[in-house]
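Chemist: Got a file for you: start.cif, mmCIF, C-alpha atoms.
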data_model
loop_
_atom_site.group_PDB
_atom_site.id
_atom_site.type_symbol
_atom_site.label_atom_id
_atom_site.label_comp_id
_atom_site.auth_asym_id
_atom_site.auth_seq_id
_atom_site.Cartn_x
_atom_site.Cartn_y
_atom_site.Cartn_z
ATOM 1 C CA MET D 24 160.291 77.780 126.566
ATOM 2 C CA ASN D 25 157.520 76.065 124.609
ATOM 3 C CA LYS D 26 153.950 76.313 125.883
ATOM 4 C CA ASN D 27 152.847 73.509 128.128
ATOM 5 C CA LEU D 28 149.660 71.710 127.117
ATOM 6 C CA TYR D 29 147.461 73.684 129.497
ATOM 7 C CA GLU D 30 148.754 76.958 128.096
ATOM 8 C CA GLU D 31 148.164 75.576 124.608
ATOM 9 C CA LEU D 32 144.463 75.269 125.456
ATOM 10 C CA GLY D 33 144.402 78.549 127.392
ATOM 11 C CA ILE D 34 143.432 76.959 130.703
ATOM 12 C CA LYS D 35 144.825 76.631 134.225
ATOM 13 C CA GLN D 36 146.570 73.465 135.367
ATOM 14 C CA ASN D 37 143.763 72.744 137.818
ATOM 15 C CA ALA D 38 141.095 72.980 135.101
ATOM 16 C CA ASN D 39 138.453 70.266 135.283
ATOM 17 C CA GLN D 40 137.519 67.990 132.383
ATOM 18 C CA GLY D 41 134.564 70.161 131.393
ATOM 19 C CA GLU D 42 136.749 73.269 131.163
ATOM 20 C CA ILE D 43 139.353 71.394 129.151
ATOM 21 C CA LYS D 44 136.733 70.139 126.702
ATOM 22 C CA SER D 45 135.038 73.528 126.366
ATOM 23 C CA SER D 46 138.312 75.342 125.657
ATOM 24 C CA TYR D 47 139.363 72.669 123.164
ATOM 25 C CA ARG D 48 136.129 73.007 121.190
ATOM 26 C CA LEU D 49 136.397 76.784 121.010
ATOM 27 C CA LEU D 50 140.017 76.668 119.850
ATOM 28 C CA VAL D 51 139.343 73.973 117.254
ATOM 29 C CA LYS D 52 136.620 76.102 115.669
ATOM 30 C CA LYS D 53 138.868 79.160 115.700
ATOM 31 C CA HIS D 54 142.066 77.550 114.393
ATOM 32 C CA HIS D 55 140.765 74.826 112.091
ATOM 33 C CA PRO D 56 142.531 75.032 108.688
ATOM 34 C CA ASP D 57 139.147 75.088 106.973
ATOM 35 C CA ALA D 58 138.420 78.294 108.884
ATOM 36 C CA GLY D 59 141.714 79.852 107.855
ATOM 37 C CA GLY D 60 143.703 78.680 110.854
ATOM 38 C CA GLU D 61 147.348 77.637 110.805
ATOM 39 C CA LYS D 62 147.990 73.913 110.466
ATOM 40 C CA ASP D 63 150.757 73.817 113.104
ATOM 41 C CA ARG D 64 148.602 75.608 115.679
ATOM 42 C CA PHE D 65 145.694 73.281 114.961
ATOM 43 C CA LEU D 66 147.893 70.182 115.390
ATOM 44 C CA ALA D 67 149.289 71.564 118.649
ATOM 45 C CA ILE D 68 145.736 72.004 119.960
ATOM 46 C CA GLN D 69 144.844 68.476 118.872
ATOM 47 C CA ASN D 70 147.933 67.093 120.596
ATOM 48 C CA ALA D 71 147.101 68.915 123.835
ATOM 49 C CA TRP D 72 143.553 67.540 123.743
ATOM 50 C CA GLU D 73 144.675 63.975 122.991
ATOM 51 C CA ILE D 74 146.857 63.960 126.117
ATOM 52 C CA LEU D 75 144.725 65.972 128.552
ATOM 53 C CA ASN D 76 141.564 64.079 127.607
ATOM 54 C CA ASP D 77 143.168 60.711 128.338
ATOM 55 C CA PRO D 78 143.318 60.058 132.119
ATOM 56 C CA ILE D 79 146.452 57.914 131.913
ATOM 57 C CA LYS D 80 148.322 60.264 129.570
ATOM 58 C CA LYS D 81 147.202 63.272 131.619
ATOM 59 C CA GLU D 82 148.423 61.753 134.877
ATOM 60 C CA GLN D 83 151.849 61.013 133.398
ATOM 61 C CA TYR D 84 152.050 64.462 131.808
ATOM 62 C CA ASP D 85 151.071 66.169 135.080
ATOM 63 C CA LYS D 86 153.805 64.271 136.936
ATOM 64 C CA THR D 87 156.398 65.327 134.386
ATOM 65 C CA LEU D 88 155.138 68.908 134.373
ATOM 66 C CA PHE D 89 155.237 69.038 138.161
ATOM 67 C CA SER D 90 158.834 67.835 138.111
ATOM 68 C CA LEU D 91 159.660 70.526 135.569
ATOM 69 C CA ASN D 92 157.993 73.247 137.628
ATOM 70 C CA GLN D 93 159.890 72.188 140.736
ATOM 71 C CA THR D 94 163.143 73.052 139.028
ATOM 72 C CA SER D 95 161.935 76.181 137.253
ATOM 73 C CA ASN D 96 162.708 78.788 139.903
ATOM 74 C CA PHE D 97 164.795 80.922 137.578
ATOM 75 C CA ASN D 98 162.168 83.206 136.008
ATOM 76 C CA ASN D 99 162.488 83.705 132.247
ATOM 77 C CA GLU D 100 166.002 82.235 132.039
ATOM 78 C CA ASN D 101 166.852 80.123 129.028
ATOM 79 C CA TRP D 102 167.779 76.489 129.711
ATOM 80 C CA GLU D 103 170.895 76.948 127.622
ATOM 81 C CA GLU D 104 172.003 79.732 129.944
ATOM 82 C CA LYS D 105 171.312 77.570 132.994
ATOM 83 C CA VAL D 106 173.171 74.495 131.865
ATOM 84 C CA ASN D 107 176.157 76.563 130.782
ATOM 85 C CA THR D 108 176.719 78.079 134.216
ATOM 86 C CA LYS D 109 179.105 76.393 136.601
ATOM 87 C CA LYS D 110 176.348 75.947 139.156
ATOM 88 C CA TYR D 111 174.132 73.837 136.935
ATOM 89 C CA SER D 112 176.771 72.144 134.797
ATOM 90 C CA SER D 113 178.098 70.509 137.958
ATOM 91 C CA LYS D 114 174.648 69.142 138.782
ATOM 92 C CA ILE D 115 173.740 67.752 135.381
ATOM 93 C CA LYS D 116 176.968 65.811 135.076
ATOM 94 C CA ASP D 117 176.321 63.648 138.110
ATOM 95 C CA ASN D 118 175.830 59.893 137.883
ATOM 96 C CA GLU D 119 172.040 60.104 138.076
ATOM 97 C CA VAL D 120 171.853 62.167 134.904
ATOM 98 C CA LYS D 121 174.442 60.071 133.075
ATOM 99 C CA ASN D 122 172.615 56.859 133.948
ATOM 100 C CA TRP D 123 169.256 58.228 132.829
ATOM 101 C CA ILE D 124 170.643 59.365 129.491
ATOM 102 C CA LYS D 125 172.420 56.047 128.966
ATOM 103 C CA ASN D 126 169.653 53.697 130.135
ATOM 104 C CA ILE D 127 166.488 55.625 129.258
ATOM 105 C CA TYR D 128 167.023 58.464 126.807
ATOM 106 C CA ASN D 129 169.426 56.747 124.400
ATOM 107 C CA PRO D 130 167.524 53.444 123.954
ATOM 108 C CA THR D 131 164.150 55.205 123.917
ATOM 109 C CA ASN D 132 165.252 57.699 121.282
ATOM 110 C CA ARG D 133 166.758 54.872 119.238
ATOM 111 C CA ILE D 134 163.459 52.946 119.241
ATOM 112 C CA ILE D 135 161.557 56.078 118.246
ATOM 113 C CA SER D 136 163.880 56.493 115.257
ATOM 114 C CA GLN D 137 163.228 52.880 114.263
ATOM 115 C CA VAL D 138 159.567 53.818 113.924
ATOM 116 C CA ILE D 139 159.940 57.226 112.256
ATOM 117 C CA LYS D 140 162.623 56.475 109.664
ATOM 118 C CA PRO D 141 160.814 53.700 107.712
ATOM 119 C CA LEU D 142 157.542 55.650 107.413
ATOM 120 C CA SER D 143 158.311 57.496 104.167
ATOM 121 C CA GLN D 144 159.311 54.279 102.415
ATOM 122 C CA GLU D 145 156.301 52.420 103.822
ATOM 123 C CA ILE D 146 153.924 55.096 102.515
ATOM 124 C CA LYS D 147 155.725 55.207 99.173
ATOM 125 C CA GLU D 148 155.288 51.452 98.721
ATOM 126 C CA LEU D 149 151.637 51.575 99.749
ATOM 127 C CA SER D 150 150.906 54.498 97.396
ATOM 128 C CA ALA D 151 151.595 52.245 94.407
ATOM 129 C CA ASP D 152 148.146 50.772 95.044
ATOM 130 C CA PRO D 153 146.522 51.388 98.464
ATOM 131 C CA TYR D 154 143.823 48.842 97.619
ATOM 132 C CA ASP D 155 146.282 46.034 96.979
ATOM 133 C CA GLU D 156 145.854 43.539 99.832
ATOM 134 C CA GLU D 157 149.510 42.579 100.057
ATOM 135 C CA LEU D 158 150.709 46.182 100.131
ATOM 136 C CA MET D 159 148.108 47.098 102.740
ATOM 137 C CA ASP D 160 149.003 44.053 104.837
ATOM 138 C CA ASN D 161 152.647 45.124 104.776
ATOM 139 C CA PHE D 162 151.701 48.637 105.867
ATOM 140 C CA CYS D 163 149.499 47.275 108.656
ATOM 141 C CA SER D 164 152.379 45.084 109.811
ATOM 142 C CA TYR D 165 154.612 48.160 110.024
ATOM 143 C CA ILE D 166 151.985 49.911 112.151
ATOM 144 C CA SER D 167 151.441 46.928 114.424
ATOM 145 C CA PHE D 168 155.156 46.317 114.885
ATOM 146 C CA SER D 169 155.740 50.011 115.557
ATOM 147 C CA GLN D 170 152.955 50.163 118.143
ATOM 148 C CA LYS D 171 154.617 47.338 120.046
ATOM 149 C CA LYS D 172 157.878 49.280 119.980
ATOM 150 C CA ILE D 173 156.153 52.352 121.434
ATOM 151 C CA GLU D 174 154.578 50.218 124.178
ATOM 152 C CA LYS D 175 158.121 49.164 125.049
ATOM 153 C CA VAL D 176 159.139 52.830 125.084
ATOM 154 C CA TYR D 177 156.383 53.693 127.591
ATOM 155 C CA LYS D 178 157.520 50.947 129.952
ATOM 156 C CA LEU D 179 161.158 51.923 129.624
ATOM 157 C CA TYR D 180 160.440 55.625 130.164
ATOM 158 C CA ASN D 181 158.438 54.926 133.325
ATOM 159 C CA SER D 182 161.032 52.565 134.782
ATOM 160 C CA ILE D 183 163.291 55.364 136.083
ATOM 161 C CA SER D 184 162.282 58.863 137.144
ATOM 162 C CA VAL D 185 163.674 61.765 135.151
ATOM 163 C CA PRO D 186 166.369 63.615 137.167
ATOM 164 C CA ASN D 187 165.033 67.008 138.229
ATOM 165 C CA SER D 188 167.928 68.903 136.689
ATOM 166 C CA ILE D 189 167.052 67.652 133.171
ATOM 167 C CA SER D 190 163.265 67.351 133.494
ATOM 168 C CA PHE D 191 162.971 69.581 130.415
ATOM 169 C CA LEU D 192 164.615 66.823 128.371
ATOM 170 C CA GLY D 193 162.355 64.216 129.944
ATOM 171 C CA LEU D 194 159.304 66.269 129.048
ATOM 172 C CA ASP D 195 160.423 66.595 125.433
ATOM 173 C CA LEU D 196 161.063 62.859 125.261
ATOM 174 C CA TYR D 197 157.552 62.193 126.565
ATOM 175 C CA HIS D 198 156.075 64.576 123.997
ATOM 176 C CA CYS D 199 158.092 62.900 121.260
ATOM 177 C CA PHE D 200 156.950 59.333 121.763
ATOM 178 C CA SER D 201 153.389 60.509 122.503
ATOM 179 C CA GLN D 202 153.362 62.153 119.072
ATOM 180 C CA VAL D 203 154.586 58.909 117.508
ATOM 181 C CA LYS D 204 151.938 56.874 119.358
ATOM 182 C CA ASP D 205 149.168 59.222 118.213
ATOM 183 C CA ALA D 206 150.551 59.248 114.664
ATOM 184 C CA LEU D 207 150.391 55.458 114.521
ATOM 185 C CA SER D 208 146.813 55.615 115.732
ATOM 186 C CA GLU D 209 145.929 58.002 112.889
ATOM 187 C CA LEU D 210 147.667 55.791 110.341
ATOM 188 C CA ASP D 211 145.784 52.785 111.684
ATOM 189 C CA LYS D 212 142.500 54.654 111.199
ATOM 190 C CA TYR D 213 143.521 55.315 107.599
ATOM 191 C CA THR D 214 143.938 51.591 106.933
ATOM 192 C CA GLN D 215 140.403 50.985 108.159
ATOM 193 C CA GLY D 216 138.647 53.395 105.828
ATOM 194 C CA TYR D 217 141.131 55.005 103.419
ATOM 195 C CA VAL D 218 140.323 58.497 104.726
ATOM 196 C CA ASP D 219 143.222 60.652 103.541
ATOM 197 C CA ASP D 220 142.883 63.068 106.471
ATOM 198 C CA TYR D 221 144.089 60.342 108.831
ATOM 199 C CA LEU D 222 147.097 59.661 106.651
ATOM 200 C CA PHE D 223 147.915 63.369 106.475
ATOM 201 C CA ASP D 224 147.568 63.871 110.241
ATOM 202 C CA GLY D 225 149.696 60.817 110.940
ATOM 203 C CA LYS D 226 152.503 62.106 108.731
ATOM 204 C CA GLU D 227 152.333 65.572 110.316
ATOM 205 C CA MET D 228 152.543 64.112 113.815
ATOM 206 C CA MET D 229 155.577 62.082 112.800
ATOM 207 C CA LYS D 230 157.179 65.275 111.460
ATOM 208 C CA GLU D 231 156.562 66.964 114.804
ATOM 209 C CA ALA D 232 158.125 64.009 116.621
ATOM 210 C CA LYS D 233 161.178 64.290 114.377
ATOM 211 C CA ARG D 234 161.393 68.022 115.111
ATOM 212 C CA ILE D 235 161.361 67.283 118.835
ATOM 213 C CA GLN D 236 164.105 64.696 118.293
ATOM 214 C CA THR D 237 166.286 67.345 116.677
ATOM 215 C CA LYS D 238 165.730 69.681 119.617
ATOM 216 C CA MET D 239 166.534 66.912 122.092
ATOM 217 C CA ALA D 240 169.757 66.081 120.287
ATOM 218 C CA TYR D 241 170.873 69.703 120.666
ATOM 219 C CA ASP D 242 169.875 69.823 124.340
ATOM 220 C CA LYS D 243 171.686 66.553 125.028
ATOM 221 C CA LYS D 244 174.920 67.962 123.561
ATOM 222 C CA THR D 245 174.516 71.010 125.799
ATOM 223 C CA ILE D 246 174.062 68.787 128.842
ATOM 224 C CA ILE D 247 177.045 66.536 128.319
ATOM 225 C CA SER D 248 179.419 69.215 127.012
#
Translate the structure described by the file into structure tokens.

Modeler:
Amino acid sequence: MNKNLYEELGIKQNANQGEIKSSYRLLVKKHHPDAGGEKDRFLAIQNAWEILNDPIKKEQYDKTLFSLNQTSNFNNENWEEKVNTKKYSSKIKDNEVKNWIKNIYNPTNRIISQVIKPLSQEIKELSADPYDEELMDNFCSYISFSQKKIEKVYKLYNSISVPNSISFLGLDLYHCFSQVKDALSELDKYTQGYVDDYLFDGKEMMKEAKRIQTKMAYDKKTIIS
């Protein structure tokens, strides 16, 4: 199972804000690419900080994590092994799970794709001349329109609780659209000052969101099989 965000920062789940901040600073210095650190590890640390430092994001993450922990009483078992047993396959195929996948996961994942897929083309068009007002306006419109889509995703996701038996999928979905939201924020910062680091970070976050999408697609097939 992937590290949760607290494990990513090397802290306990009851860590206070000062402990979270202190651990984040130490890890950033240690794993920054300029100091020879790995880019993926650095981005994972940044993602953990972005969520745990934001009271609203942290509260939502803690709720999802709590739900996940409530159903994780099967020490060191793989989720694939759990969902393939008769005991758990009977639970995940109930109406609650089917409704959540149909009414929350499917439309949410579809909206996320509508944001991720156009990015490469949007950047390609902007790269022709980043200082051209029309091209930049078009790119800003993509960002603004995408941010509204992600706001819709947040509302949709919070409208129905994730069924306990598939809380792992709900957690991945939350991570996915959080990555997209943060990526759009980085891209927006780029448009305000043309700092390439923001553009790079935004693209990397979108790649991570796409990776999570791929994982979710596999897990969904396992659930409904």

Chemist: Could you spell out the hits of the PyMOL selection byres ((chain D and resi 193) around 10) on the shown file, as a PDB file with C-alpha atoms, keeping the file's coordinate frame?

Modeler:
ATOM      1  CA  THR D  87     156.398  65.327 134.386  1.00  0.00           C
ATOM      2  CA  LEU D  88     155.138  68.908 134.373  1.00  0.00           C
ATOM      3  CA  SER D  90     158.834  67.835 138.111  1.00  0.00           C
ATOM      4  CA  LEU D  91     159.660  70.526 135.569  1.00  0.00           C
ATOM      5  CA  TRP D 123     169.256  58.228 132.829  1.00  0.00           C
ATOM      6  CA  ILE D 124     170.643  59.365 129.491  1.00  0.00           C
ATOM      7  CA  ILE D 127     166.488  55.625 129.258  1.00  0.00           C
ATOM      8  CA  TYR D 128     167.023  58.464 126.807  1.00  0.00           C
ATOM      9  CA  TYR D 180     160.440  55.625 130.164  1.00  0.00           C
ATOM     10  CA  SER D 184     162.282  58.863 137.144  1.00  0.00           C
ATOM     11  CA  VAL D 185     163.674  61.765 135.151  1.00  0.00           C
ATOM     12  CA  PRO D 186     166.369  63.615 137.167  1.00  0.00           C
ATOM     13  CA  ASN D 187     165.033  67.008 138.229  1.00  0.00           C
ATOM     14  CA  SER D 188     167.928  68.903 136.689  1.00  0.00           C
ATOM     15  CA  ILE D 189     167.052  67.652 133.171  1.00  0.00           C
ATOM     16  CA  SER D 190     163.265  67.351 133.494  1.00  0.00           C
ATOM     17  CA  PHE D 191     162.971  69.581 130.415  1.00  0.00           C
ATOM     18  CA  LEU D 192     164.615  66.823 128.371  1.00  0.00           C
ATOM     19  CA  LEU D 194     159.304  66.269 129.048  1.00  0.00           C
ATOM     20  CA  ASP D 195     160.423  66.595 125.433  1.00  0.00           C
ATOM     21  CA  LEU D 196     161.063  62.859 125.261  1.00  0.00           C
ATOM     22  CA  TYR D 197     157.552  62.193 126.565  1.00  0.00           C
ATOM     23  CA  HIS D 198     156.075  64.576 123.997  1.00  0.00           C
ATOM     24  CA  CYS D 199     158.092  62.900 121.260  1.00  0.00           C
ATOM     25  CA  MET D 239     166.534  66.912 122.092  1.00  0.00           C
TER      26      MET D 239
END

Chemist: Hey, what's within 10 Å of Tyr177 in chain D if we count only C-alpha atoms and toss same-chain stuff fewer than 6 positions away? As a PyMOL selection string, please?

Modeler: chain D and resi 131+197+200-201+204

Chemist: Counting only C-alpha atoms, which residue out of D:Lys147, D:Pro153, D:Ile135, D:Ser208 sits closest to Lys233 in chain D?

Modeler: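 The answer is D:Ile135, which sits nearest to Lys233 in chain D.
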
Chemist: Rank nothing, just name the residue among D:Ile166, D:Leu75, D:Lys53, D:Glu61 nearest to Glu30 in chain D, using all atoms listed in the file.

Modeler: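 For Glu30 in chain D, the nearest of the given residues is D:Leu75.
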
Chemist: Using all atoms listed in the file, which residues sit within 10 Å of Ile146 in chain D once same-chain residues fewer than 6 positions away are excluded, as a tab-separated table (two decimals) with C-alpha atoms, in the frame of the given file?

Modeler:
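Final file, around-v7.tsv:
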chain	number	residue	atom	x	y	z
D	153	PRO	CA	146.52	51.39	98.46
D	158	LEU	CA	150.71	46.18	100.13
D	159	MET	CA	148.11	47.10	102.74
D	162	PHE	CA	151.70	48.64	105.87
D	222	LEU	CA	147.10	59.66	106.65
D	226	LYS	CA	152.50	62.11	108.73

Chemist: Which is closer to Asp211 in chain D than all the others in D:Thr245, D:Ser182, D:Thr237, D:Ser167, using all atoms listed in the file?

Modeler: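 Between D:Thr245, D:Ser182, D:Thr237, D:Ser167, the residue approaching Asp211 in chain D most closely is D:Ser167.
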
Chemist: To verify the selection step, state as an NGL selection string which residues the PyMOL selection byres ((chain D and resi 141) around 12) yields on this input.

Modeler: :D and (134-140 or 142-148 or 162 or 165-166 or 168-169 or 226 or 229)

Chemist: Deliver the residues from the most recent selection as a file, using C-alpha atoms, as an mmCIF file, in the coordinates of the input.

Modeler:
data_model
loop_
_atom_site.group_PDB
_atom_site.id
_atom_site.type_symbol
_atom_site.label_atom_id
_atom_site.label_comp_id
_atom_site.auth_asym_id
_atom_site.auth_seq_id
_atom_site.Cartn_x
_atom_site.Cartn_y
_atom_site.Cartn_z
ATOM 1 C CA ILE D 134 163.459 52.946 119.241
ATOM 2 C CA ILE D 135 161.557 56.078 118.246
ATOM 3 C CA SER D 136 163.880 56.493 115.257
ATOM 4 C CA GLN D 137 163.228 52.880 114.263
ATOM 5 C CA VAL D 138 159.567 53.818 113.924
ATOM 6 C CA ILE D 139 159.940 57.226 112.256
ATOM 7 C CA LYS D 140 162.623 56.475 109.664
ATOM 8 C CA LEU D 142 157.542 55.650 107.413
ATOM 9 C CA SER D 143 158.311 57.496 104.167
ATOM 10 C CA GLN D 144 159.311 54.279 102.415
ATOM 11 C CA GLU D 145 156.301 52.420 103.822
ATOM 12 C CA ILE D 146 153.924 55.096 102.515
ATOM 13 C CA LYS D 147 155.725 55.207 99.173
ATOM 14 C CA GLU D 148 155.288 51.452 98.721
ATOM 15 C CA PHE D 162 151.701 48.637 105.867
ATOM 16 C CA TYR D 165 154.612 48.160 110.024
ATOM 17 C CA ILE D 166 151.985 49.911 112.151
ATOM 18 C CA PHE D 168 155.156 46.317 114.885
ATOM 19 C CA SER D 169 155.740 50.011 115.557
ATOM 20 C CA LYS D 226 152.503 62.106 108.731
ATOM 21 C CA MET D 229 155.577 62.082 112.800
#

Chemist: Choose the residue, out of D:Lys26, D:Gly41, D:Glu119, D:Pro130, that has the smallest atom-to-atom separation from Leu179 in chain D; count all atoms listed in the file.

Modeler: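 Of D:Lys26, D:Gly41, D:Glu119, D:Pro130, the one nearest Leu179 in chain D is D:Pro130, counting all atoms listed in the file.
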
Chemist: So how many Å separate CA of Glu174 in chain D and CA of Leu66 in chain D, to one decimal?

Modeler: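 CA of Leu66 in chain D lies at a distance of 22.8 Å from CA of Glu174 in chain D.
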
Chemist: Taking the file as shown, find all residues satisfying the PyMOL selection byres ((chain D and resi 210) around 9) and write them as JSON, numbers by chain.

Modeler: {"D": [163, 166, 205, 206, 207, 208, 209, 211, 212, 213, 214, 215, 221, 222, 223, 224, 225, 226]}

Chemist: Write range 141-160 of chain D as a short mmCIF file (atom, residue, chain, number, x, y, z; two decimals), keeping the file's coordinate frame, completed to N, CA, C and O atoms.

Modeler:
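The resulting selection_38.cif:
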data_model
loop_
_atom_site.label_atom_id
_atom_site.label_comp_id
_atom_site.auth_asym_id
_atom_site.auth_seq_id
_atom_site.Cartn_x
_atom_site.Cartn_y
_atom_site.Cartn_z
N PRO D 141 161.37 54.50 108.81
CA PRO D 141 160.81 53.70 107.71
C PRO D 141 159.51 54.24 107.14
O PRO D 141 159.06 53.76 106.09
N LEU D 142 158.89 55.23 107.81
CA LEU D 142 157.54 55.65 107.41
C LEU D 142 157.45 56.11 105.96
O LEU D 142 156.55 55.71 105.23
N SER D 143 158.37 56.97 105.54
CA SER D 143 158.31 57.50 104.17
C SER D 143 158.33 56.37 103.14
O SER D 143 157.57 56.38 102.17
N GLN D 144 159.22 55.40 103.35
CA GLN D 144 159.31 54.28 102.42
C GLN D 144 158.06 53.41 102.48
O GLN D 144 157.57 52.94 101.44
N GLU D 145 157.52 53.22 103.67
CA GLU D 145 156.30 52.42 103.82
C GLU D 145 155.13 53.07 103.08
O GLU D 145 154.36 52.40 102.39
N ILE D 146 155.00 54.37 103.20
CA ILE D 146 153.92 55.10 102.52
C ILE D 146 154.14 55.08 101.01
O ILE D 146 153.20 54.93 100.22
N LYS D 147 155.40 55.23 100.60
CA LYS D 147 155.72 55.21 99.17
C LYS D 147 155.33 53.87 98.55
O LYS D 147 154.73 53.82 97.46
N GLU D 148 155.63 52.78 99.24
CA GLU D 148 155.29 51.45 98.72
C GLU D 148 153.77 51.25 98.68
O GLU D 148 153.24 50.69 97.72
N LEU D 149 153.09 51.72 99.71
CA LEU D 149 151.64 51.58 99.75
C LEU D 149 150.96 52.41 98.66
O LEU D 149 149.95 52.00 98.09
N SER D 150 151.52 53.59 98.36
CA SER D 150 150.91 54.50 97.40
C SER D 150 150.86 53.93 95.98
O SER D 150 150.10 54.41 95.14
N ALA D 151 151.64 52.88 95.74
CA ALA D 151 151.60 52.24 94.41
C ALA D 151 150.19 51.72 94.12
O ALA D 151 149.71 51.78 93.00
N ASP D 152 149.54 51.22 95.16
CA ASP D 152 148.15 50.77 95.04
C ASP D 152 147.61 50.51 96.45
O ASP D 152 147.73 49.39 96.98
N PRO D 153 147.02 51.53 97.09
CA PRO D 153 146.52 51.39 98.46
C PRO D 153 145.50 50.27 98.63
O PRO D 153 145.29 49.78 99.75
N TYR D 154 144.87 49.87 97.52
CA TYR D 154 143.82 48.84 97.62
C TYR D 154 144.36 47.43 97.37
O TYR D 154 143.61 46.47 97.40
N ASP D 155 145.66 47.35 97.14
CA ASP D 155 146.28 46.03 96.98
C ASP D 155 146.43 45.39 98.37
O ASP D 155 147.01 45.97 99.27
N GLU D 156 145.89 44.19 98.52
CA GLU D 156 145.85 43.54 99.83
C GLU D 156 147.25 43.30 100.41
O GLU D 156 147.49 43.50 101.61
N GLU D 157 148.16 42.87 99.57
CA GLU D 157 149.51 42.58 100.06
C GLU D 157 150.21 43.84 100.53
O GLU D 157 150.85 43.86 101.59
N LEU D 158 150.08 44.92 99.75
CA LEU D 158 150.71 46.18 100.13
C LEU D 158 150.10 46.72 101.42
O LEU D 158 150.81 47.22 102.30
N MET D 159 148.77 46.62 101.53
CA MET D 159 148.11 47.10 102.74
C MET D 159 148.48 46.24 103.94
O MET D 159 148.68 46.76 105.05
N ASP D 160 148.59 44.95 103.74
CA ASP D 160 149.00 44.05 104.84
C ASP D 160 150.40 44.42 105.34
O ASP D 160 150.66 44.40 106.55
#
